[in-house]
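File shown: upload-v6.txt. Contents: compact mmCIF, C-alpha atoms.
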```
# COMPACT_ATOMS: atom_id res chain seq x y z
CA MET A 1 110.71 121.32 113.80
CA GLU A 2 109.05 118.14 114.97
CA ASP A 3 105.50 118.47 116.18
CA ILE A 4 104.25 115.03 117.02
CA PHE A 5 100.59 114.43 117.78
CA THR A 6 100.17 111.89 120.57
CA ILE A 7 96.95 110.14 121.48
CA ALA A 8 96.93 107.38 124.10
CA ASN A 9 100.73 107.07 123.87
CA LYS A 10 100.64 106.59 120.11
CA ASN A 11 102.37 109.12 117.88
CA PHE A 12 100.94 110.47 114.67
CA ASN A 13 102.30 112.93 112.13
CA SER A 14 99.05 114.43 110.90
CA ARG A 15 96.69 116.34 113.17
CA LEU A 16 93.86 115.81 110.73
CA ILE A 17 91.56 112.84 111.26
CA VAL A 18 89.13 112.12 108.45
CA GLY A 19 85.91 110.19 108.19
CA THR A 20 85.30 107.69 105.40
CA GLY A 21 81.55 108.14 104.92
CA LYS A 22 79.46 109.78 102.19
CA TYR A 23 81.91 109.20 99.33
CA LYS A 24 80.80 108.07 95.85
CA ASN A 25 82.84 104.89 96.11
CA PHE A 26 85.81 103.41 97.99
CA LYS A 27 88.25 104.55 95.31
CA GLU A 28 87.30 108.16 95.94
CA THR A 29 87.50 107.53 99.68
CA ALA A 30 91.03 106.17 99.35
CA ASN A 31 92.14 109.03 97.09
CA ALA A 32 90.73 111.66 99.46
CA VAL A 33 92.30 110.02 102.52
CA LYS A 34 95.65 109.94 100.75
CA ALA A 35 95.40 113.60 99.73
CA SER A 36 94.44 114.60 103.28
CA GLY A 37 97.62 113.08 104.68
CA ALA A 38 95.61 111.74 107.63
CA ASP A 39 97.09 108.93 109.71
CA ILE A 40 93.77 108.09 111.33
CA VAL A 41 90.41 107.41 109.67
CA THR A 42 87.08 106.86 111.33
CA VAL A 43 85.08 103.84 110.25
CA ALA A 44 81.60 102.55 111.07
CA VAL A 45 80.54 99.05 112.07
CA ARG A 46 77.62 97.64 110.08
CA ARG A 47 76.09 94.34 109.01
CA VAL A 48 77.85 92.55 106.16
CA ASN A 49 75.81 92.50 102.99
CA ILE A 50 75.05 88.78 102.75
CA LEU A 51 73.26 88.95 99.41
CA ASP A 52 75.96 90.76 97.44
CA LYS A 53 79.08 88.68 97.94
CA ASP A 54 81.10 90.67 95.44
CA GLN A 55 80.54 93.97 97.18
CA PRO A 56 83.88 95.73 97.71
CA LEU A 57 85.20 96.10 101.24
CA LEU A 58 86.65 99.25 102.77
CA MET A 59 89.63 97.22 103.99
CA ASP A 60 90.53 96.41 100.38
CA TYR A 61 90.97 100.12 99.69
CA LEU A 62 92.35 101.38 103.00
CA ASP A 63 94.78 98.96 104.57
CA PRO A 64 94.33 98.96 108.35
CA LYS A 65 98.02 98.00 108.63
CA SER A 66 99.15 101.27 107.09
CA ILE A 67 96.49 103.64 108.44
CA THR A 68 94.92 103.67 111.89
CA TYR A 69 91.27 102.64 111.86
CA LEU A 70 89.24 104.48 114.47
CA PRO A 71 85.99 102.56 114.85
CA ASN A 72 83.06 104.83 115.72
CA THR A 73 79.59 104.39 117.13
CA ALA A 74 77.81 106.67 114.69
CA GLY A 75 74.09 106.03 114.70
CA CYS A 76 74.02 104.83 118.32
CA TYR A 77 71.49 106.53 120.57
CA SER A 78 72.15 104.58 123.76
CA SER A 79 75.08 103.39 125.81
CA LYS A 80 74.03 99.80 125.20
CA GLU A 81 74.20 100.16 121.41
CA ALA A 82 77.50 102.02 121.56
CA LEU A 83 79.15 99.41 123.81
CA ARG A 84 77.95 96.56 121.61
CA THR A 85 79.34 98.28 118.51
CA LEU A 86 82.78 98.95 119.97
CA ARG A 87 83.11 95.48 121.46
CA LEU A 88 82.45 94.06 117.98
CA ALA A 89 84.97 96.49 116.52
CA ARG A 90 87.58 95.35 119.00
CA ASP A 91 86.95 91.73 118.11
CA MET A 92 87.45 92.45 114.42
CA GLY A 93 91.10 93.24 114.75
CA GLY A 94 92.01 94.17 118.26
CA TRP A 95 91.13 97.85 117.99
CA ARG A 96 91.34 99.45 121.42
CA LEU A 97 91.50 103.05 120.24
CA VAL A 98 87.91 103.98 119.45
CA LYS A 99 85.66 106.96 118.88
CA LEU A 100 82.62 107.05 121.11
CA GLU A 101 79.65 108.99 119.83
CA VAL A 102 76.26 108.60 121.50
CA LEU A 103 73.64 110.76 119.85
CA GLY A 104 70.71 112.33 121.60
CA ASP A 105 68.68 114.00 118.90
CA LYS A 106 67.99 112.84 115.34
CA LYS A 107 67.59 116.34 113.94
CA THR A 108 70.70 118.02 115.31
CA LEU A 109 72.74 114.85 115.98
CA TYR A 110 73.68 116.52 119.25
CA PRO A 111 75.43 114.16 121.68
CA ASN A 112 73.60 112.63 124.63
CA MET A 113 76.16 113.44 127.31
CA ILE A 114 74.55 111.32 130.04
CA GLU A 115 74.79 108.17 127.90
CA THR A 116 78.21 109.27 126.64
CA ILE A 117 79.62 109.52 130.16
CA LYS A 118 78.08 106.18 131.16
CA SER A 119 79.62 104.51 128.10
CA THR A 120 83.04 106.09 128.61
CA GLU A 121 83.21 104.72 132.16
CA VAL A 122 82.45 101.18 131.01
CA LEU A 123 84.79 101.30 128.00
CA VAL A 124 87.73 102.62 130.02
CA LYS A 125 87.20 99.80 132.55
CA GLU A 126 87.22 97.29 129.68
CA GLY A 127 90.59 98.59 128.48
CA PHE A 128 89.50 100.72 125.54
CA GLU A 129 91.25 103.99 124.69
CA VAL A 130 88.27 106.25 124.18
CA MET A 131 88.19 109.39 122.09
CA VAL A 132 84.90 111.02 122.93
CA TYR A 133 82.64 113.12 120.72
CA CYS A 134 80.94 115.56 123.06
CA SER A 135 79.18 118.87 123.50
CA ASP A 136 81.31 122.00 123.90
CA ASP A 137 80.44 122.14 127.60
CA LEU A 138 83.50 122.47 129.81
CA ILE A 139 81.91 120.77 132.80
CA MET A 140 81.13 117.72 130.66
CA THR A 141 84.57 117.63 129.05
CA LYS A 142 86.25 117.87 132.46
CA LYS A 143 84.14 114.94 133.63
CA LEU A 144 85.14 112.94 130.56
CA GLU A 145 88.80 113.55 131.24
CA ASP A 146 88.37 112.61 134.92
CA ILE A 147 86.84 109.25 134.01
CA GLY A 148 89.63 108.40 131.58
CA ALA A 149 88.82 109.64 128.06
CA CYS A 150 92.06 109.73 126.04
CA ALA A 151 90.86 112.59 123.85
CA ILE A 152 88.10 115.16 124.17
CA MET A 153 86.28 115.85 120.91
CA PRO A 154 83.80 118.71 121.21
CA LEU A 155 81.62 119.62 118.25
CA GLY A 156 82.26 122.91 116.47
CA SER A 157 78.64 122.77 115.28
CA PRO A 158 76.25 119.92 114.40
CA ILE A 159 77.63 116.92 112.48
CA GLY A 160 77.46 117.51 108.74
CA SER A 161 76.30 121.13 109.12
CA GLY A 162 79.46 122.73 107.73
CA ILE A 163 78.90 125.97 109.62
CA GLY A 164 82.21 125.99 111.45
CA ILE A 165 83.04 126.64 115.08
CA GLN A 166 80.10 128.39 116.68
CA ASN A 167 81.52 128.90 120.15
CA LYS A 168 85.20 129.69 119.99
CA THR A 169 85.27 130.79 123.62
CA ASN A 170 84.08 127.39 124.84
CA ILE A 171 86.54 125.53 122.63
CA THR A 172 89.36 127.71 123.99
CA LEU A 173 88.29 127.15 127.59
CA ILE A 174 88.02 123.40 127.05
CA LYS A 175 91.52 123.32 125.57
CA GLU A 176 92.93 125.39 128.44
CA GLN A 177 91.60 123.08 131.14
CA SER A 178 92.34 119.75 129.42
CA SER A 179 95.49 117.71 129.74
CA VAL A 180 94.43 115.19 127.09
CA PRO A 181 94.25 116.15 123.39
CA VAL A 182 91.29 118.30 122.34
CA ILE A 183 90.06 117.65 118.82
CA VAL A 184 87.29 119.63 117.15
CA ASP A 185 84.95 116.98 115.78
CA ALA A 186 82.05 118.02 113.55
CA GLY A 187 80.92 121.23 111.97
CA VAL A 188 83.96 122.07 109.84
CA GLY A 189 82.74 123.23 106.42
CA THR A 190 85.81 124.47 104.66
CA ALA A 191 89.55 124.92 105.09
CA SER A 192 89.37 128.14 107.14
CA ASP A 193 87.18 126.41 109.77
CA ALA A 194 89.89 123.79 110.29
CA THR A 195 92.53 126.50 110.52
CA ILE A 196 90.48 128.36 113.14
CA ALA A 197 90.22 125.21 115.25
CA MET A 198 93.98 124.83 115.19
CA GLU A 199 94.61 128.53 115.82
CA LEU A 200 92.49 128.24 118.95
CA GLY A 201 95.08 125.77 120.18
CA CYS A 202 93.23 122.53 119.53
CA ASP A 203 95.40 119.46 119.04
CA GLY A 204 93.59 118.22 115.98
CA VAL A 205 90.52 118.32 113.77
CA LEU A 206 88.18 115.50 112.78
CA LEU A 207 86.00 115.99 109.73
CA ASN A 208 84.19 114.04 107.04
CA THR A 209 81.40 115.84 105.20
CA ALA A 210 83.46 118.94 104.36
CA ILE A 211 85.64 116.73 102.16
CA ALA A 212 83.11 114.15 100.98
CA GLU A 213 80.52 116.73 99.91
CA ALA A 214 82.94 119.16 98.28
CA ASN A 215 82.65 119.39 94.48
CA ASN A 216 86.14 117.98 94.29
CA PRO A 217 86.68 115.88 97.42
CA VAL A 218 90.31 115.03 96.70
CA LEU A 219 91.25 118.69 96.23
CA MET A 220 89.36 119.67 99.40
CA ALA A 221 91.16 116.88 101.27
CA GLU A 222 94.46 118.45 100.27
CA ALA A 223 93.17 121.88 101.29
CA MET A 224 92.28 120.50 104.72
CA LYS A 225 95.74 119.04 105.12
CA TYR A 226 97.32 122.45 104.60
CA ALA A 227 94.63 124.24 106.62
CA VAL A 228 95.42 122.15 109.69
CA ILE A 229 99.17 122.62 109.21
CA ALA A 230 98.72 126.38 108.74
CA GLY A 231 96.54 126.74 111.83
CA ARG A 232 98.90 124.68 113.95
CA LYS A 233 101.95 126.69 112.87
CA ALA A 234 100.11 129.97 113.44
CA PHE A 235 99.15 128.84 116.93
CA LYS A 236 102.69 127.80 117.74
CA ALA A 237 104.12 130.98 116.24
CA GLY A 238 101.87 133.07 118.48
CA ARG A 239 99.77 135.67 116.70
CA MET A 240 100.39 139.43 116.88
CA LYS A 241 98.38 141.57 119.25
CA LYS A 242 95.20 143.05 117.82
CA ARG A 243 95.08 146.86 117.60
CA LYS A 244 92.21 149.19 117.15
CA TYR A 245 94.06 151.50 114.77
CA GLY A 246 96.55 151.22 111.92
CA SER A 247 100.24 150.63 112.47
CA ALA A 248 102.47 151.29 109.46
CA SER A 249 104.68 148.46 108.33
CA SER A 250 107.31 150.63 106.62
CA PRO A 251 109.69 152.85 108.61
CA GLN A 252 108.36 156.35 109.15
CA GLY A 253 111.79 158.06 109.01
CA ASN A 254 113.78 159.24 105.94
CA LEU A 255 110.72 159.70 103.77
CA ILE A 256 111.54 161.26 100.42
CA MET B 257 67.46 66.81 101.92
CA ASN B 258 64.80 66.33 104.57
CA ASN B 259 63.88 68.93 107.13
CA LEU B 260 65.86 67.25 109.87
CA ASN B 261 69.05 68.22 108.09
CA VAL B 262 68.13 71.85 107.74
CA ALA B 263 68.09 74.45 110.47
CA LYS B 264 66.55 77.87 110.14
CA ILE B 265 68.52 80.68 111.72
CA GLN B 266 68.32 84.46 111.63
CA LEU B 267 71.26 85.94 109.77
CA ASN B 268 71.70 89.71 109.93
CA GLY B 269 68.00 90.11 110.61
CA ASP B 270 66.74 87.81 107.85
CA PRO B 271 65.72 84.13 107.90
CA TYR B 272 68.47 81.87 106.56
CA LYS B 273 68.69 78.11 106.10
CA ILE B 274 71.80 76.14 106.98
CA ASN B 275 72.65 72.48 107.04
CA ALA B 276 72.38 70.99 110.48
CA GLY B 277 75.78 70.90 112.17
CA THR B 278 77.11 74.01 110.44
CA ASN B 279 79.73 75.81 112.47
CA LEU B 280 80.72 79.47 112.05
CA ASP B 281 83.78 78.67 109.94
CA LYS B 282 81.58 76.72 107.52
CA LEU B 283 79.01 79.49 107.43
CA LEU B 284 81.68 82.05 106.54
CA ASN B 285 83.06 79.75 103.85
CA LYS B 286 79.64 79.41 102.33
CA LEU B 287 79.15 83.16 102.39
CA LYS B 288 82.67 83.69 100.97
CA ILE B 289 83.59 85.95 103.86
CA GLN B 290 87.13 86.14 105.26
CA LYS B 291 87.05 85.73 109.03
CA ASN B 292 89.74 88.34 109.69
CA LYS B 293 87.53 91.04 108.18
CA VAL B 294 84.44 90.50 110.32
CA ALA B 295 83.13 90.07 113.84
CA ILE B 296 80.31 87.72 114.75
CA GLU B 297 77.66 87.75 117.42
CA VAL B 298 75.50 84.72 118.15
CA ASN B 299 72.43 85.43 120.25
CA GLY B 300 73.90 88.71 121.41
CA GLU B 301 77.28 87.31 122.46
CA ILE B 302 80.48 88.01 120.56
CA VAL B 303 82.18 84.79 119.47
CA GLU B 304 85.98 84.88 119.51
CA LYS B 305 87.60 83.88 116.23
CA ASN B 306 89.31 80.79 117.67
CA LYS B 307 85.89 79.45 118.66
CA TYR B 308 84.28 79.69 115.20
CA GLN B 309 85.07 76.07 114.43
CA ASN B 310 83.52 74.71 117.60
CA LEU B 311 80.39 76.79 117.57
CA ILE B 312 77.70 74.70 115.93
CA LEU B 313 74.66 76.74 115.00
CA ASN B 314 71.25 75.65 116.21
CA LYS B 315 67.75 76.27 114.97
CA GLY B 316 66.57 79.76 115.87
CA ASP B 317 70.04 81.17 116.55
CA LYS B 318 70.39 84.86 115.84
CA VAL B 319 73.64 85.51 114.01
CA GLU B 320 75.03 88.94 113.26
CA ILE B 321 78.07 89.32 111.00
CA VAL B 322 79.50 92.84 110.87
CA ASN B 323 82.37 94.58 109.14
CA PHE B 324 83.79 98.05 108.78
CA ILE B 325 82.27 100.43 106.28
CA GLY B 326 82.84 104.11 105.57
CA GLY B 327 81.73 106.39 108.37
CA GLY B 328 82.42 109.73 109.96
```

Go ahead and express the file in the form of C-alpha cells.
Amino acid sequence: MEDIFTIANKNFNSRLIVGTGKYKNFKETANAVKASGADIVTVAVRRVNILDKDQPLLMDYLDPKSITYLPNTAGCYSSKEALRTLRLARDMGGWRLVKLEVLGDKKTLYPNMIETIKSTEVLVKEGFEVMVYCSDDLIMTKKLEDIGACAIMPLGSPIGSGIGIQNKTNITLIKEQSSVPVIVDAGVGTASDATIAMELGCDGVLLNTAIAEANNPVLMAEAMKYAVIAGRKAFKAGRMKKRKYGSASSPQGNLI
Amino acid sequence: MNNLNVAKIQLNGDPYKINAGTNLDKLLNKLKIQKNKVAIEVNGEIVEKNKYQNLILNKGDKVEIVNFIGGG
C-alpha cells in the first residue's frame, strides 16, 4: 500500500528526516543517512574554512541531487540571524524548502516563538517553504499554520536530550488541528520514541543525536528507519481498545 | 609589490590581503573553492553568482563565504 509523505507539494518515501551533525566524519554521516533510508537531511550553514583548503565537504559525501538538503538555522537566536542564514542557503543552490529554528535559551535550546513567528512571516513572503521547529503549544502551532508554514515541527523534548516525547497529549492535539504535516523534531532518544511519535499520528520524525551519539550510529539509523515504519503502520492499522482486565486470546469453548 | 596593489579585506572574520582589482571569481580561484558549493556576502549583502566576476573587492570590504556542513 502506498503511503506517500508530502511536504510543500513534494513527495517523499521516507517519513524519517535525519540531521547530519555530531558524526565522527562525513563517511559515517553518509553511511548512517543511507541506513536510515531518509530522503531529507538537515544541514547547517557555516563559514568555509579558508585555512584548510583540503577539508572535505559534506556535498562530496551526500549528493544534494539525490537527497533533499533541508538547510536549517541552528544556532540562530534572532529572526535577523535566521533570515540571513536561509537567504544564504537559498543562494547556494536554490533551496526554498528550509527548516526554521530560532532558539530562545542556550541551556534548553527551547525555541523563541515570538522570533520564530516573525521569521516565518518574512520567509513565506519571500517565497520560502518553511518547516518550523516550535514549542508543543497548540496556539503557537495554529498561528504558524495560519501564516503559511508548510510543516509544523514541535519538539518532543529539548534538542539533543534523548528523553522522548514528554507531552503526548499536546502532540496529539497539534496533529488533530493541523492540516499541514506535523513532524516531531527533537527529543527522540531511541527507536521506541520515534515509533511513539508515529503512533500518535504524526506525519514524520526528525532526529539527529539519537543516531549520531549511539554506540553504533549506522545500526541505530537502521533501527530508526524501521521504528518510523512500524509506528506509521500501527497508526494506520488502528490500535485495539485498551481494557482494564484480561481478555483471553484462545477460544473458551471445547476445553479438554 | 607595493602597497597600492594590495587591499586588505575581512574574510570570514579575519584580515586577508588581496591584489587590488580582485573580483569574487578570482578570490574563489585563489582559495580553490568551487562557486556552486558556496554563497557569498559582501558587506552584508548576498552577491548572486552571475555577479561574482563583476564585483571588484575594495579595501575594508567584509566578505563572508559560507557552505553547508553537518547539522541537526

Distance query Lys106 (chain A) at most 10 Å, all atoms listed in the file, self and fewer than 5 positions along chain excluded, as an mmCIF file with C-alpha atoms, in the frame of the given file:
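Saved file part_23.cif follows:
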```
data_model
loop_
_atom_site.group_PDB
_atom_site.id
_atom_site.type_symbol
_atom_site.label_atom_id
_atom_site.label_comp_id
_atom_site.auth_asym_id
_atom_site.auth_seq_id
_atom_site.Cartn_x
_atom_site.Cartn_y
_atom_site.Cartn_z
ATOM 1 C CA GLY A 75 74.090 106.030 114.700
ATOM 2 C CA TYR A 77 71.490 106.530 120.570
ATOM 3 C CA PRO A 111 75.430 114.160 121.680
#
```

- Considering only C-alpha atoms, return as a VMD selection string whatever protein or nucleic-acid residues lie within 7 Å of region 317-326 of chain B, sequence-local ones (same chain, fewer than 4 positions apart) excluded. (chain A and resid 20 to 21 43 to 48 58) or (chain B and resid 265 to 268 293 to 299 313)

- Compile the residues of chain A that lie within 10 Å of chain B, evaluated using only C-alpha atoms, and express the compilation as a ChimeraX atom specification. /A:17-23,25-26,29,41-54,56-60,69-75,84-85,87-93,99,159-160,185-186,206-209

- Message: What's the separation between CA of Arg96 (chain A) and CA of Phe128 (chain A), in Å to one decimal place?
- Response: 4.7 Å

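For the pair CA of Gly201 (chain A) and CA of Val180 (chain A), the interatomic distance is 12.7 Å.
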
- Message: Can you measure CA of Ser157 (chain A) to CA of Ala191 (chain A) for me? One decimal in Å is fine.
- Response: 15.1 Å

- Item | Of the listed residues B:Lys286, B:Lys264, B:Gly277, B:Tyr272, that which approaches Asn310 (chain B) most closely, counting all atoms listed in the file | B:Gly277

- Query: Counting all atoms listed in the file, what is within 10 Å of Asn314 (chain B), bar same-chain residues fewer than 6 positions away, as a list in words?
  - Reply: Val262, Ala263, Lys264, Ile265, Ile274, Asn275, Ala276, Gly277, Thr278 and Asn279 of chain B
